[in-house]
Amino acid sequence: MHAFFVPFGVYPNNAIVGGSADISVGAALFKRVNGKPGIVIANIGDASANCGPTWEALCFATMDQYKHLWAESVRGGLPLIMNFVNNFYGMGGQPVGETGGFGVLARMGAGLNPDQCHAERIDGYNPLAVIDAVRRKRDLLLRGDGPVLLDTITYRYSGHSPSDASSYREKTEIEQWQQADSLLAYKNELLKNSVATNAKLDALYETIDAMVLRAYTKAIDLDVSPRADLYVSANLLETTMFSNGRVESFDPERTPDVLLPLAENPRTISLAARSRSGLGADGETLPKGRCIGMRDALFEAILPRFYEDATLVAYGEENRDWGGAFAVYRGMTEALPYHRLFNSPISEAAIVGTAVGYALAGGRPLVELMYCDFMGRAGDEIFNQLAKWQSMSGGELAMPVVLRVSVGSKYGAQHSQDWSALVAHIPGLKVVFPATPYDAKGLMASALVGTDPVVFFESQRLYDMPELFRGAEGVPEKRYEIPIGEPDIKKAGTDLTILTVGATLYRALDAASILESQYGVSVEVIDARSLVPFNYAPVIESVKKTGKILLASDASERGSVLQTFAATISTLAFDYLDAPPVVIGARNWITPPDEIEEAFFPFPADILDAVNAHLTPLAGYEEKRPCNAEELVRRARLGV
């Protein structure tokens, strides 16, 4: 299924057929943006025309900006042929007359652009017709008039898979199609026109049969093709989960396309007047508007990379002109041409899927989903495509994609969820969640030179937060990198460890201040910074000292990644714990409106309640709401 040969430009087949559509668009995007020769052909099933990602891919492929807004040197439609191999069946369902409504698949093109994607229905059983169509469409693509949609008529004799007995069709139907089989019909045409003889064709068939048999026998011979030993450490699957490489530029011979020198960027000049720290000379807290905030630190990590890697592109909803929904890209529109920073359709599946294709083709994409909640619209692309192709290719392909995702607040049930546990659960993704400007800049710098897919979470609560943990130095102006996977001690303590993810860091510090000033409990606060990979060593050393640990994040408590952290800490530090680890998170409810969300997300009072109930009884403490064992059992019984 996943056989491929990159030197011939043959990329892997996709077990989830519709997933190939936006990947192919991303590959074509790479060619257009970077001026690479050739075209991309996506051979995709007719039933996949009903997949949402396929339609999103076609919408992404036909954006007007390619032909009207991009610089003349790269202007033109994407060099893509979306070739629907129309064999009349999905699995058992038939798109024509049953599960679809278009009748003639080529009609889809009429809904995409005035050229109707140059859609054409061709006879897939006639090799000469296919050659003629591809040759004509290739010329069209090279003129910049793409993309193209082909409806290639063929037939599938076998079932969808070995388990498919084809019980949904009559045997006579298959037999009738076999009479028109191109292997037979084209052979007869060659003989009729004296292009070949039976003897030559028989010899050719024998050669092909021998080649296939030779490859097959090598594949099943365990001496020639031994199975990997997955019981040893550092086995094949383990070592291909991540490439762990470092690439400064994927096209070092090419000068990156920019609009003005880096030093002349208006935002860079403006930021030079701000304090690099959130603390004044006497340790006082400075007004946020006078300081470098997290959005500024991210900007400082991202912009220089456009001047170092000619293949780097950034896109998503409202990325250009607006500067991104949360102003991280403000100042980049002036610096970058359209083809390196652009707005995408509101098509989250296509945003991520095209990034996968762009990376597989040899570039580095930085893409954004405006809200974490929108990951649900790109589930297959994140969980089955972005995460898996490095390992499914046996480590031959790299996936240097950075996917920025903001975690909201104040926007209710569908825009304020922390879904970090979802991506942390999926093997093959690196996951980071910085909470300070210093960490955000250093982690983004690492992500943008790596060769692995990184889901980069950012809390909307913290975009204007200044750096409060590095004294007067604050956020260094020059580039630096923070290794992904290393937690950081933000405050030392001796009696209790609190491990936080994201914005809960600051509420944990507030709780620590109360615990120390009012109850004499010295608290050590550790910021996880990364979820995958994660180095437990600093946390275990802290637990050895304190004997107690509480873990906090804004994700709903049930199924939170902190539950995995807590279970692992229990295993690794059991002999040092005076009490089981305690996890607090958002309530297991839908997110309520802004006015009452303090009752939903964990705040200092929730931390104090949990400490008093499960770790260290606090003299004279009055709980805000119950969280004892009976209450936990009650919530679990009700699923809330």
# chains A, B, ... in the order shown; residues from 1 in each chain; ligands from 1
call {"tool": "residues_around", "arguments": {"residues": "Ala49 in chain A", "least_positions_apart": "2", "cutoff": "12 Å", "atoms": "only C-alpha atoms", "output": "ChimeraX atom specification"}}
result
/A:17-21,43-47,51-58,82-86,88-90,94-96,99-109,149-151
call {"tool": "select_by_dssp", "arguments": {"residues": "range 360-515 of chain A", "states": "alpha helix (DSSP H)", "output": "MDAnalysis selection string"}}
result
chainID A and resid 360:361 379:380 389:392 420:425 437:447 504:515
call {"tool": "write_last_selection", "arguments": {"atoms": "N, CA, C and O atoms", "output": "short mmCIF file (atom, residue, chain, number, x, y, z; two decimals), in the first residue's frame"}}
result
data_model
loop_
_atom_site.label_atom_id
_atom_site.label_comp_id
_atom_site.auth_asym_id
_atom_site.auth_seq_id
_atom_site.Cartn_x
_atom_site.Cartn_y
_atom_site.Cartn_z
N LEU A 360 6.55 16.92 2.37
CA LEU A 360 7.01 15.71 1.69
C LEU A 360 7.74 16.04 0.40
O LEU A 360 8.66 15.33 -0.01
N ALA A 361 7.35 17.14 -0.25
CA ALA A 361 7.97 17.53 -1.50
C ALA A 361 9.33 18.19 -1.29
O ALA A 361 10.10 18.35 -2.25
N GLY A 379 -8.84 16.47 11.62
CA GLY A 379 -8.44 15.30 12.39
C GLY A 379 -7.60 14.30 11.61
O GLY A 379 -6.54 13.88 12.07
N ASP A 380 -8.06 13.90 10.43
CA ASP A 380 -7.31 12.92 9.66
C ASP A 380 -5.94 13.46 9.29
O ASP A 380 -4.92 12.76 9.39
N TRP A 389 3.65 9.73 8.36
CA TRP A 389 4.39 9.45 7.13
C TRP A 389 5.88 9.23 7.34
O TRP A 389 6.52 8.51 6.56
N GLN A 390 6.46 9.84 8.35
CA GLN A 390 7.88 9.59 8.58
C GLN A 390 8.12 8.11 8.88
O GLN A 390 8.99 7.47 8.29
N SER A 391 7.34 7.57 9.79
CA SER A 391 7.55 6.18 10.17
C SER A 391 7.05 5.23 9.09
O SER A 391 7.68 4.21 8.81
N MET A 392 5.92 5.53 8.46
CA MET A 392 5.40 4.65 7.41
C MET A 392 6.34 4.59 6.21
O MET A 392 6.30 3.63 5.44
N SER A 420 -4.73 19.55 23.89
CA SER A 420 -3.34 19.08 23.80
C SER A 420 -3.24 17.59 24.04
O SER A 420 -2.35 16.92 23.48
N ALA A 421 -4.14 17.03 24.86
CA ALA A 421 -4.09 15.59 25.13
C ALA A 421 -4.33 14.77 23.86
O ALA A 421 -3.80 13.66 23.72
N LEU A 422 -5.14 15.30 22.93
CA LEU A 422 -5.44 14.54 21.71
C LEU A 422 -4.17 14.32 20.89
O LEU A 422 -3.90 13.20 20.44
N VAL A 423 -3.41 15.38 20.67
CA VAL A 423 -2.22 15.23 19.84
C VAL A 423 -1.09 14.53 20.61
O VAL A 423 -0.29 13.81 20.02
N ALA A 424 -1.04 14.74 21.92
CA ALA A 424 -0.02 14.05 22.71
C ALA A 424 -0.25 12.54 22.70
O ALA A 424 0.69 11.76 22.85
N HIS A 425 -1.50 12.14 22.53
CA HIS A 425 -1.84 10.71 22.50
C HIS A 425 -1.41 10.04 21.20
O HIS A 425 -1.20 8.83 21.17
N PRO A 437 7.42 34.28 27.21
CA PRO A 437 8.01 34.75 25.96
C PRO A 437 9.37 34.12 25.67
O PRO A 437 9.66 33.75 24.52
N TYR A 438 10.21 33.99 26.69
CA TYR A 438 11.54 33.38 26.50
C TYR A 438 11.40 31.96 25.96
O TYR A 438 12.08 31.57 25.01
N ASP A 439 10.53 31.18 26.59
CA ASP A 439 10.35 29.80 26.16
C ASP A 439 9.72 29.72 24.78
O ASP A 439 10.08 28.87 23.96
N ALA A 440 8.76 30.59 24.50
CA ALA A 440 8.08 30.57 23.20
C ALA A 440 9.08 30.84 22.07
O ALA A 440 9.07 30.15 21.04
N LYS A 441 9.94 31.83 22.26
CA LYS A 441 10.91 32.16 21.22
C LYS A 441 11.91 31.03 21.02
O LYS A 441 12.20 30.63 19.88
N GLY A 442 12.43 30.48 22.11
CA GLY A 442 13.43 29.42 22.00
C GLY A 442 12.87 28.13 21.45
O GLY A 442 13.54 27.43 20.68
N LEU A 443 11.65 27.78 21.84
CA LEU A 443 11.05 26.54 21.34
C LEU A 443 10.63 26.68 19.88
O LEU A 443 10.78 25.73 19.10
N MET A 444 10.13 27.85 19.49
CA MET A 444 9.78 28.05 18.09
C MET A 444 11.04 28.01 17.23
O MET A 444 11.03 27.44 16.12
N ALA A 445 12.12 28.58 17.71
CA ALA A 445 13.38 28.54 16.96
C ALA A 445 13.83 27.10 16.73
O ALA A 445 14.30 26.75 15.64
N SER A 446 13.67 26.26 17.75
CA SER A 446 14.04 24.84 17.60
C SER A 446 13.11 24.14 16.62
O SER A 446 13.56 23.34 15.78
N ALA A 447 11.82 24.42 16.71
CA ALA A 447 10.85 23.77 15.83
C ALA A 447 11.12 24.10 14.37
O ALA A 447 10.96 23.26 13.48
N THR A 504 -1.71 27.80 33.10
CA THR A 504 -1.89 27.52 34.53
C THR A 504 -0.62 27.81 35.33
O THR A 504 -0.67 27.85 36.55
N LEU A 505 0.50 28.00 34.65
CA LEU A 505 1.73 28.35 35.35
C LEU A 505 1.51 29.54 36.28
O LEU A 505 1.93 29.52 37.45
N TYR A 506 0.86 30.57 35.80
CA TYR A 506 0.73 31.81 36.56
C TYR A 506 -0.25 31.66 37.73
O TYR A 506 -0.05 32.23 38.80
N ARG A 507 -1.29 30.86 37.52
CA ARG A 507 -2.22 30.60 38.63
C ARG A 507 -1.57 29.71 39.68
O ARG A 507 -1.82 29.85 40.88
N ALA A 508 -0.70 28.81 39.24
CA ALA A 508 0.04 27.98 40.19
C ALA A 508 0.98 28.83 41.02
O ALA A 508 1.15 28.61 42.24
N LEU A 509 1.59 29.83 40.40
CA LEU A 509 2.48 30.73 41.15
C LEU A 509 1.69 31.56 42.17
O LEU A 509 2.16 31.80 43.29
N ASP A 510 0.48 31.97 41.79
CA ASP A 510 -0.37 32.70 42.74
C ASP A 510 -0.73 31.80 43.92
O ASP A 510 -0.71 32.23 45.07
N ALA A 511 -1.07 30.53 43.60
CA ALA A 511 -1.40 29.60 44.67
C ALA A 511 -0.18 29.34 45.55
O ALA A 511 -0.30 29.24 46.79
N ALA A 512 1.00 29.24 44.94
CA ALA A 512 2.22 29.01 45.70
C ALA A 512 2.48 30.16 46.67
O ALA A 512 2.92 29.95 47.81
N SER A 513 2.22 31.36 46.22
CA SER A 513 2.42 32.53 47.08
C SER A 513 1.51 32.47 48.30
O SER A 513 1.92 32.76 49.43
N ILE A 514 0.25 32.06 48.09
CA ILE A 514 -0.69 31.94 49.21
C ILE A 514 -0.26 30.82 50.15
O ILE A 514 -0.27 30.97 51.38
N LEU A 515 0.14 29.68 49.58
CA LEU A 515 0.55 28.54 50.40
C LEU A 515 1.75 28.91 51.27
O LEU A 515 1.84 28.50 52.43
#
call {"tool": "closest_atom_pairs", "arguments": {"of": "range 406-501 of chain A", "to": "range 273-295 of chain A", "cutoff": "8 Å", "atoms": "only C-alpha atoms", "output": "CSV"}}
result
residue,atom,partner,partner_atom,distance
A:Thr436,CA,A:Met294,CA,6.4
A:Pro437,CA,A:Met294,CA,4.2
A:Tyr438,CA,A:Met294,CA,7.8
A:Ala440,CA,A:Met294,CA,6.7
A:Lys441,CA,A:Met294,CA,7.9
A:Leu462,CA,A:Met294,CA,6.6
A:Tyr463,CA,A:Met294,CA,4.8
A:Asp464,CA,A:Gly293,CA,4.6
A:Met465,CA,A:Gly293,CA,4.9
A:Pro466,CA,A:Gly293,CA,4.4
A:Glu467,CA,A:Gly278,CA,5.0
A:Leu468,CA,A:Gly278,CA,5.3
A:Arg470,CA,A:Ser277,CA,7.4
A:Gly471,CA,A:Leu279,CA,6.6
A:Ala472,CA,A:Ser277,CA,5.7
A:Glu473,CA,A:Ser277,CA,6.2
A:Gly474,CA,A:Ser277,CA,4.0
A:Val475,CA,A:Arg276,CA,5.3
A:Pro476,CA,A:Arg276,CA,7.1
A:Glu477,CA,A:Arg276,CA,7.8
call {"tool": "residues_around", "arguments": {"residues": "range 415-417 of chain A", "least_positions_apart": "5", "cutoff": "7 Å", "atoms": "only C-alpha atoms", "output": "list of chain:residue names"}}
result
A:Tyr371, A:Cys372, A:Asp373, A:Val407, A:Gly408, A:Ser409, A:Lys410, A:Ala555, A:Thr591
call {"tool": "write_last_selection", "arguments": {"atoms": "N, CA and C atoms", "output": "PDB file, in the first residue's frame"}}
result
ATOM      1  N   TYR A 371      -7.966  28.416  16.155  1.00  0.00           N
ATOM      2  CA  TYR A 371      -8.383  27.953  17.483  1.00  0.00           C
ATOM      3  C   TYR A 371      -8.112  26.461  17.613  1.00  0.00           C
ATOM      4  N   CYS A 372      -7.726  26.058  18.790  1.00  0.00           N
ATOM      5  CA  CYS A 372      -7.476  24.650  19.069  1.00  0.00           C
ATOM      6  C   CYS A 372      -8.689  23.799  18.716  1.00  0.00           C
ATOM      7  N   ASP A 373      -9.874  24.332  18.958  1.00  0.00           N
ATOM      8  CA  ASP A 373     -11.110  23.600  18.695  1.00  0.00           C
ATOM      9  C   ASP A 373     -11.247  23.185  17.226  1.00  0.00           C
ATOM     10  N   VAL A 407      -4.941  28.189  22.026  1.00  0.00           N
ATOM     11  CA  VAL A 407      -5.915  27.697  22.997  1.00  0.00           C
ATOM     12  C   VAL A 407      -6.657  28.910  23.549  1.00  0.00           C
ATOM     13  N   GLY A 408      -7.964  28.933  23.344  1.00  0.00           N
ATOM     14  CA  GLY A 408      -8.739  30.122  23.657  1.00  0.00           C
ATOM     15  C   GLY A 408      -9.264  30.188  25.076  1.00  0.00           C
ATOM     16  N   SER A 409      -9.834  31.313  25.371  1.00  0.00           N
ATOM     17  CA  SER A 409     -10.616  31.531  26.582  1.00  0.00           C
ATOM     18  C   SER A 409     -11.576  32.665  26.252  1.00  0.00           C
ATOM     19  N   LYS A 410     -12.648  32.748  26.998  1.00  0.00           N
ATOM     20  CA  LYS A 410     -13.649  33.806  26.837  1.00  0.00           C
ATOM     21  C   LYS A 410     -14.593  33.588  25.659  1.00  0.00           C
ATOM     22  N   ALA A 555      -6.696  21.919  30.296  1.00  0.00           N
ATOM     23  CA  ALA A 555      -7.435  20.859  29.614  1.00  0.00           C
ATOM     24  C   ALA A 555      -8.419  20.221  30.586  1.00  0.00           C
ATOM     25  N   THR A 591     -17.265  24.145  27.825  1.00  0.00           N
ATOM     26  CA  THR A 591     -16.762  25.417  28.342  1.00  0.00           C
ATOM     27  C   THR A 591     -17.906  26.426  28.438  1.00  0.00           C
TER      28      THR A 591
END
call {"tool": "select_by_dssp", "arguments": {"residues": "range 583-616 of chain A", "states": "strand (DSSP E)", "output": "number ranges by chain"}}
result
A: 583-586
call {"tool": "residues_around", "arguments": {"residues": "Gly144 in chain A", "least_positions_apart": "6", "cutoff": "12 Å", "atoms": "only C-alpha atoms", "output": "PyMOL selection string"}}
result
chain A and resi 28+31-32+35+37-39+62+66-68+72-80+137-138
call {"tool": "atom_distance", "arguments": {"atom1": "CA of Leu236 in chain A", "atom2": "CA of Gly559 in chain A"}}
result
29.4 Å
call {"tool": "residues_around", "arguments": {"residues": "Asp309 in chain A", "least_positions_apart": "5", "cutoff": "10 Å", "atoms": "only C-alpha atoms", "output": "PyMOL selection string"}}
result
chain A and resi 247-257+304+363-364+448-449
call {"tool": "write_last_selection", "arguments": {"atoms": "C-alpha atoms", "output": "PDB file, in the first residue's frame"}}
result
ATOM      1  CA  VAL A 247      18.112  21.664   8.616  1.00  0.00           C
ATOM      2  CA  GLU A 248      18.766  25.400   8.426  1.00  0.00           C
ATOM      3  CA  SER A 249      17.555  25.612   4.830  1.00  0.00           C
ATOM      4  CA  PHE A 250      15.962  23.079   2.495  1.00  0.00           C
ATOM      5  CA  ASP A 251      17.259  25.046  -0.505  1.00  0.00           C
ATOM      6  CA  PRO A 252      20.541  26.621   0.638  1.00  0.00           C
ATOM      7  CA  GLU A 253      21.616  27.572  -2.899  1.00  0.00           C
ATOM      8  CA  ARG A 254      18.645  29.891  -3.374  1.00  0.00           C
ATOM      9  CA  THR A 255      18.292  33.418  -1.990  1.00  0.00           C
ATOM     10  CA  PRO A 256      14.994  33.753  -0.100  1.00  0.00           C
ATOM     11  CA  ASP A 257      12.361  36.023  -1.622  1.00  0.00           C
ATOM     12  CA  PRO A 304      14.438  35.697  10.582  1.00  0.00           C
ATOM     13  CA  GLY A 363       9.909  22.382   1.923  1.00  0.00           C
ATOM     14  CA  ARG A 364       9.173  23.791   5.357  1.00  0.00           C
ATOM     15  CA  LEU A 448      11.721  25.797  12.726  1.00  0.00           C
ATOM     16  CA  VAL A 449      15.063  24.085  12.182  1.00  0.00           C
TER      17      VAL A 449
END
call {"tool": "residues_around", "arguments": {"residues": "Pro626 in chain A", "least_positions_apart": "2", "cutoff": "9 Å", "atoms": "only C-alpha atoms", "output": "list in words"}}
result
Asp609, Ala610, Ala613, Glu623, Lys624, Asn628, Glu630, Glu631 and Leu632 of chain A
call {"tool": "closest_residue", "arguments": {"among": "A:Pro453, A:Gly324, A:Pro617, A:Pro538", "to": "Pro487 in chain A", "atoms": "only C-alpha atoms"}}
result
A:Pro538
call {"tool": "residues_around", "arguments": {"residues": "range 155-159 of chain A", "least_positions_apart": "2", "cutoff": "10 Å", "atoms": "only C-alpha atoms", "output": "PDB file with C-alpha atoms, in the first residue's frame"}}
result
ATOM      1  CA  VAL A  85      -9.736   7.065 -11.254  1.00  0.00           C
ATOM      2  CA  ASN A  86     -13.420   6.421 -11.785  1.00  0.00           C
ATOM      3  CA  ASN A  87     -14.037   2.688 -11.267  1.00  0.00           C
ATOM      4  CA  PHE A  88     -17.717   3.141 -10.284  1.00  0.00           C
ATOM      5  CA  TYR A  89     -17.395   1.901  -6.712  1.00  0.00           C
ATOM      6  CA  GLY A  90     -16.254   3.188  -3.372  1.00  0.00           C
ATOM      7  CA  MET A  91     -16.242   0.100  -1.251  1.00  0.00           C
ATOM      8  CA  GLY A  92     -19.626  -1.322  -2.101  1.00  0.00           C
ATOM      9  CA  GLY A 124      -9.032   5.065 -18.982  1.00  0.00           C
ATOM     10  CA  TYR A 125      -9.147   1.798 -20.910  1.00  0.00           C
ATOM     11  CA  THR A 152     -10.768   8.762 -15.936  1.00  0.00           C
ATOM     12  CA  ILE A 153     -13.177   5.913 -16.628  1.00  0.00           C
ATOM     13  CA  SER A 161      -9.846  -5.235  -0.048  1.00  0.00           C
ATOM     14  CA  PRO A 162      -9.148  -8.961   0.521  1.00  0.00           C
ATOM     15  CA  SER A 163     -12.164  -9.092   2.811  1.00  0.00           C
ATOM     16  CA  ASP A 164     -14.470  -7.725   0.095  1.00  0.00           C
ATOM     17  CA  ALA A 165     -16.397 -10.586  -1.574  1.00  0.00           C
ATOM     18  CA  SER A 166     -18.027  -8.210  -4.115  1.00  0.00           C
ATOM     19  CA  SER A 167     -21.454  -9.376  -2.992  1.00  0.00           C
ATOM     20  CA  TYR A 168     -22.928  -6.046  -4.060  1.00  0.00           C
ATOM     21  CA  LYS A 171     -20.768 -11.755 -11.762  1.00  0.00           C
ATOM     22  CA  GLU A 173     -21.195  -7.264 -14.682  1.00  0.00           C
ATOM     23  CA  ILE A 174     -17.556  -8.136 -14.075  1.00  0.00           C
ATOM     24  CA  GLU A 175     -17.474 -10.467 -17.072  1.00  0.00           C
ATOM     25  CA  TRP A 177     -16.159  -5.311 -18.277  1.00  0.00           C
ATOM     26  CA  GLN A 178     -13.484  -7.957 -18.761  1.00  0.00           C
ATOM     27  CA  ALA A 180     -13.403  -4.494 -22.726  1.00  0.00           C
ATOM     28  CA  ASP A 181     -10.306  -4.855 -20.541  1.00  0.00           C
TER      29      ASP A 181
END
call {"tool": "closest_residue", "arguments": {"among": "A:Arg214, A:Ser530, A:Leu608, A:Asp418", "to": "Glu516 in chain A", "atoms": "only C-alpha atoms"}}
result
A:Leu608
call {"tool": "closest_atom_pairs", "arguments": {"of": "range 208-278 of chain A", "to": "range 336-342 of chain A", "cutoff": "8 Å", "atoms": "only C-alpha atoms", "output": "JSON lines"}}
result
{"residue": "A:Asp257", "atom": "CA", "partner": "A:Pro337", "partner_atom": "CA", "distance": 7.0}
{"residue": "A:Val258", "atom": "CA", "partner": "A:Leu336", "partner_atom": "CA", "distance": 4.9}
{"residue": "A:Leu259", "atom": "CA", "partner": "A:Leu336", "partner_atom": "CA", "distance": 5.4}
{"residue": "A:Leu260", "atom": "CA", "partner": "A:Leu336", "partner_atom": "CA", "distance": 7.9}
call {"tool": "write_last_selection", "arguments": {"atoms": "all heavy atoms", "output": "mmCIF file, in the first residue's frame"}}
result
data_model
loop_
_atom_site.group_PDB
_atom_site.id
_atom_site.type_symbol
_atom_site.label_atom_id
_atom_site.label_comp_id
_atom_site.auth_asym_id
_atom_site.auth_seq_id
_atom_site.Cartn_x
_atom_site.Cartn_y
_atom_site.Cartn_z
ATOM 1 N N ASP A 257 13.114 34.881 -1.105
ATOM 2 C CA ASP A 257 12.361 36.023 -1.622
ATOM 3 C C ASP A 257 11.802 36.832 -0.454
ATOM 4 O O ASP A 257 10.980 36.326 0.333
ATOM 5 C CB ASP A 257 11.200 35.542 -2.500
ATOM 6 C CG ASP A 257 11.679 34.823 -3.747
ATOM 7 O OD1 ASP A 257 12.776 35.125 -4.225
ATOM 8 O OD2 ASP A 257 10.943 33.939 -4.235
ATOM 9 N N VAL A 258 12.228 38.095 -0.340
ATOM 10 C CA VAL A 258 11.721 39.006 0.691
ATOM 11 C C VAL A 258 11.513 40.381 0.061
ATOM 12 O O VAL A 258 11.991 40.647 -1.048
ATOM 13 C CB VAL A 258 12.691 39.099 1.897
ATOM 14 C CG1 VAL A 258 12.777 37.765 2.632
ATOM 15 C CG2 VAL A 258 14.079 39.547 1.460
ATOM 16 N N LEU A 259 10.819 41.248 0.792
ATOM 17 C CA LEU A 259 10.488 42.567 0.259
ATOM 18 C C LEU A 259 11.346 43.684 0.826
ATOM 19 O O LEU A 259 11.405 44.774 0.245
ATOM 20 C CB LEU A 259 9.005 42.878 0.520
ATOM 21 C CG LEU A 259 7.994 41.930 -0.132
ATOM 22 C CD1 LEU A 259 6.572 42.345 0.223
ATOM 23 C CD2 LEU A 259 8.182 41.876 -1.640
ATOM 24 N N LEU A 260 11.974 43.468 1.968
ATOM 25 C CA LEU A 260 12.837 44.483 2.549
ATOM 26 C C LEU A 260 13.838 43.824 3.484
ATOM 27 O O LEU A 260 13.604 42.714 3.973
ATOM 28 C CB LEU A 260 12.029 45.548 3.292
ATOM 29 C CG LEU A 260 11.454 45.266 4.676
ATOM 30 C CD1 LEU A 260 10.951 46.546 5.291
ATOM 31 C CD2 LEU A 260 10.321 44.265 4.632
#
